[in-house]
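I have placed the structure first, in the form of structure tokens, so that the comments after it can refer back to it.
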Amino acid sequence: MLTYSEIPKIKRKDRPWLLVIMALLWVAGSCFFHDPWEPYEPYVVAIVKGIIASNSWLIPYLSPNKPYLDLQPFYFWLFAIPIKIFDFTNIANAIRLINAFIIFSFIFVMGKVGHNLSAFKNGRTVVMILISTIGFVNNAYQLSPHIVVLLGFALLLYSMQNYLKSPGASAGMLALAFMCISTHFTVQFLLIAILLLAILPICHHVWRNKQYVICVLGGLLLFLIVFISYVFQLYITSGSFLSSWMTQYFAFMNVSSLTFAELWKYTYTYFWYLIPSCFLLIWTVYRRKKKLLKDTSTLPLVVMAILFTIFALLNGSIGESIIFPIIVPIVLLSSLEVDSIRINFVSLFNWFSIFIFGSAGGALIALYLSLAYGHPYDVLQLAYKYAPNYKFNINIWQILLAFIILVIWLFMITRKHIRGREVVSNWAAGSTFVAVMFMALCLPWFNSMLSFNSIVGSSSKYINTNGNNCVASISGNHLEDALWYYYQNLHLVPSSSLYTSTCNQAIITMMNGNFPDSDGWRVIWKGRRAIDFKTYYLLERQ
């Protein structure tokens with residue numbers, strides 16, 4: 001039974017070794033054991049595969065003469081360079097391994113930044129809050145450049161904490177932070193980082209010194225050398241791609257008048273995205289009030305959060321790609337006062353987390369048993385409706401992993417005399433328990449639902465690339481290019497329309513409805529995922 005104590009001096013029960021185990025299990029679920037998923041994985045795997053095959057490092061291609069601009073070229077280098085150096089044969093798994101290293105690096109740096117804040121052993125608390133925050137879970141459980149941008153902002157804060165002791169090393173770390181931040185689609189977050197560095201000396205005298213100037217100017221100079229070198233190489237290689245790249249990279253402002261409804265949408269999205277750290281942030285603000293602006297360890301976090309909010313409003317739209325870096329300052333701020341949370345709130349929050357995560361874990365176990373034994377029939381039918389190609393197989397490793405995470409979760413929630421720090425650990429353990437339980441028991445089913453493997457594979461027997469035959473991609477659909485290159489090693493030839501295509505076959509995507517036979521073309525294959533509104537058609541010239 002859980003009990004609570006009013007005694008202020010109690011033994012801390014947050015276990016570092018459990019933190020390591022939970023982080024390992026948590027990250028493993030985000031990186032392995034599944035096919036490439038939307039929105040980014042098919043593109044990243046296909047483009048990195050193309051870079052390795054063609055050595056085209058400056059301009060990313062999905063197919064010949066078809067540059068890809070939806071993600072920054074620098075992002076693909078993070079995967080292509082290690083794969084090229086170590087000659088990995090399985091590119092998809094190598095990319096996931098590198099992505100796991102990036103996630104661990106971000107978690108580690110956030111822990112180091114949190115450790116330097118004014119709270120008792122705060123690094124552990126920061127990591128616990130981080131791995132249980134919805135926004136971070138959403139970003140880390142997919143292959144995404146967002147995690148690299150998050151790492152960049154964490155490195156920026158860490159360099160600001162250490163510039164007095166080692167301005168030279170901090171300058172190098174700051175340059176690396178700028179490089180990570182620059183992997184975003186636009187220059188927006190890079191501008192926020194530079195503005196933050198410019199505002200800090202205005203806010204407090206602690207940043208008005210020679211070491212700070214050396215750190216900031218040195219970091220900017222190192223970054224600009226690399227960034228300008230890339231721009232210059234693009235200029236002499238492909239002026240048209242440089243023009244398109246710059247247009248997209250510097251287009252982020254869309255200032256518009258905001259209505260009350262739009263402001264409410266911003267507030268709601270922020271609140272949902274930052275659960276549970278938003279509740280802890282409210283408590284931190286209540287406890288510290290004006291001290292947050294006077295404390296030099298927290299002032300950069302407050303300024304950073306304000307800048308993210310202002311730029312999100314100026315952007316004129318709300319979405320994950322606009323607000324996601326606010327995770328960094330909010331998680332750090334929300335960790336500061338967890339030890340002072342009142343016992344009645346601790347009790348309520350802890351029982352709520354046990355109920356929520358216990359129910360979710362029970363539902364996952366029920367789904368697994370339904371897939372295994374076929375009962376109840378309605379649940380089984382619903383599961384196969386969304387994953388018709390799924391075939392259940394008993395895997396001892398899945399069951400063992402589910403048992404391990406269940407034991408860890410039960411150990412965490414049955415500790416006695418818990419206070420604020422322990423309830424944060426319990427919430428992190430609960431979110432990890434659900435995530436890993438899902439990965440262990442239901443990931444094969446979920447992967448079957450999201451995978452494109454069966455769709456692309458079923459089209460292969462209808463594709464004819466003998467001799468000079470080719471397959472066209474109509475209307476510039478990048479997903480088609482990525483999927484057929486990844487699964488079939490087939491380069492689709494870009495074409496503006498069926499009538500201008502020089503190929504005898506073409507792949508086209510339609511949203512809902514059937515594709516009517518066009519003049520001179522007929523449908524020879526079509527496929528779609530059960531959860532998708534898009535249908536893929538393979539056409540052949542008559």
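Chain lettering (A, B, ...) mirrors the order of the structure tokens, residue numbering begins at 1 for each chain separately, and ligand numbering begins at 1 in order of display.
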Item to check | Residues near range 172-174 of chain A, cut-off 12 Å, only C-alpha atoms, skip fewer than 5 positions along chain, as a PyMOL selection string | outcome: chain A and resi 109+151-163+166-167+179-181+190+193-194+197+212+214-224
Next on the checklist: For the structure I just gave you, how does DSSP split range 305-383 of chain A - specifically, which residues are alpha helix (DSSP H)? Reply as a PyMOL selection string.
Outcome noted: chain A and resi 305-315+320-323+327-334+343-373+377-383
Item to check | Long-range neighbours of Lys526 in chain A as a PyMOL selection string, 8 Å cut-off, only C-alpha atoms, 6 positions minimum in chain | outcome: chain A and resi 459+535-538
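Nearest to Val149 in chain A of all the residues A:Ala94, A:Ile396, A:Leu164, A:Val187 is A:Val187, based on only C-alpha atoms.
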Checklist entry - Quick one: residues within 8 Å of Arg421 in chain A, only C-alpha atoms counted, chain neighbours fewer than 3 positions away excluded, as a list in words? => result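 Listing them by chain and then by number gives Asp14, Thr125, Val338, Asp339, Ile418, Val424 and Ser425 of chain A.
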Checklist entry - Quick one: residues within 10 Å of Phe392 in chain A, only C-alpha atoms counted, chain neighbours fewer than 3 positions away excluded, as a PyMOL selection string? => result chain A and resi 368+371-373+389+395+442+444-445
Selection file, C-alpha atoms, as a PDB file, in the first residue's frame:
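As a result, result.pdb now contains:
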ATOM      1  CA  TYR A 368      -2.104  -8.920 -27.091  1.00  0.00           C
ATOM      2  CA  LEU A 371      -4.458 -11.248 -31.040  1.00  0.00           C
ATOM      3  CA  ALA A 372      -3.106 -14.483 -29.557  1.00  0.00           C
ATOM      4  CA  TYR A 373      -6.377 -16.300 -28.793  1.00  0.00           C
ATOM      5  CA  ASN A 389      -1.556  -8.446 -43.386  1.00  0.00           C
ATOM      6  CA  ASN A 395       8.036 -14.304 -29.402  1.00  0.00           C
ATOM      7  CA  CYS A 442       1.852  -4.792 -29.965  1.00  0.00           C
ATOM      8  CA  PRO A 444       4.456  -6.123 -34.791  1.00  0.00           C
ATOM      9  CA  TRP A 445       0.741  -5.427 -35.225  1.00  0.00           C
TER      10      TRP A 445
END
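Of the residues in range 33-183 of chain A, those that DSSP places in strand (DSSP E) on the basis of the backbone are Tyr61, Leu62, Ser63, Lys66 and Pro67 of chain A.
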Item to check | Which of A:Ile51, A:Leu367, A:Ile474, A:Ile531 sits closest to Ile508 in chain A [using only C-alpha atoms] | outcome: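 With only C-alpha atoms as the atom set, the closest residue is A:Ile474.
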Checklist entry - Which residue, A:Met439, A:Val48, A:Ala53, A:Leu58, has the smallest gap to Phe232 in chain A when you use only C-alpha atoms? => result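 Among A:Met439, A:Val48, A:Ala53, A:Leu58, it is A:Leu58 that comes nearest to Phe232 in chain A.
Relative to CA of His34 in chain A, CA of Ile365 in chain A is found at 19.8 Å.
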Next on the checklist: My list of candidates is A:Asn93, A:Ser458, A:Thr186, A:Ser335. Which is closest to Thr298 in chain A when distances are computed with only C-alpha atoms?
Outcome noted: A:Ser335
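With distances restricted to only C-alpha atoms, A:Val346 is the closest residue to Glu422 in chain A from A:Ala387, A:Ala46, A:Met437, A:Val346.
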Next on the checklist: Can you tell me which residues surround Lys534 in chain A at a distance of at most 8 Å, considering only C-alpha atoms, apart from same-chain residues fewer than 6 positions away, and format the answer as number ranges by chain?
Outcome noted: A: 509-512, 528
Those same residues - C-alpha atoms - I'd like them written as a short mmCIF file (atom, residue, chain, number, x, y, z; two decimals), in the first residue's frame.
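So the final result, stored in result_6.cif, reads:
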data_model
loop_
_atom_site.label_atom_id
_atom_site.label_comp_id
_atom_site.auth_asym_id
_atom_site.auth_seq_id
_atom_site.Cartn_x
_atom_site.Cartn_y
_atom_site.Cartn_z
CA THR A 509 -1.51 8.73 -55.96
CA MET A 510 -5.16 9.68 -55.49
CA MET A 511 -6.98 10.81 -52.35
CA ASN A 512 -10.12 8.63 -52.07
CA ARG A 528 -3.56 1.24 -50.15
#
Checklist entry - If we count only C-alpha atoms, what is near Met128 in chain A at a cut-off of 10 Å, once residues fewer than 4 positions away on the same chain are taken out, given as a PyMOL selection string? => result chain A and resi 14+19+22-23+107+111+122-124+132-133+331+335+421-422+424-429+432
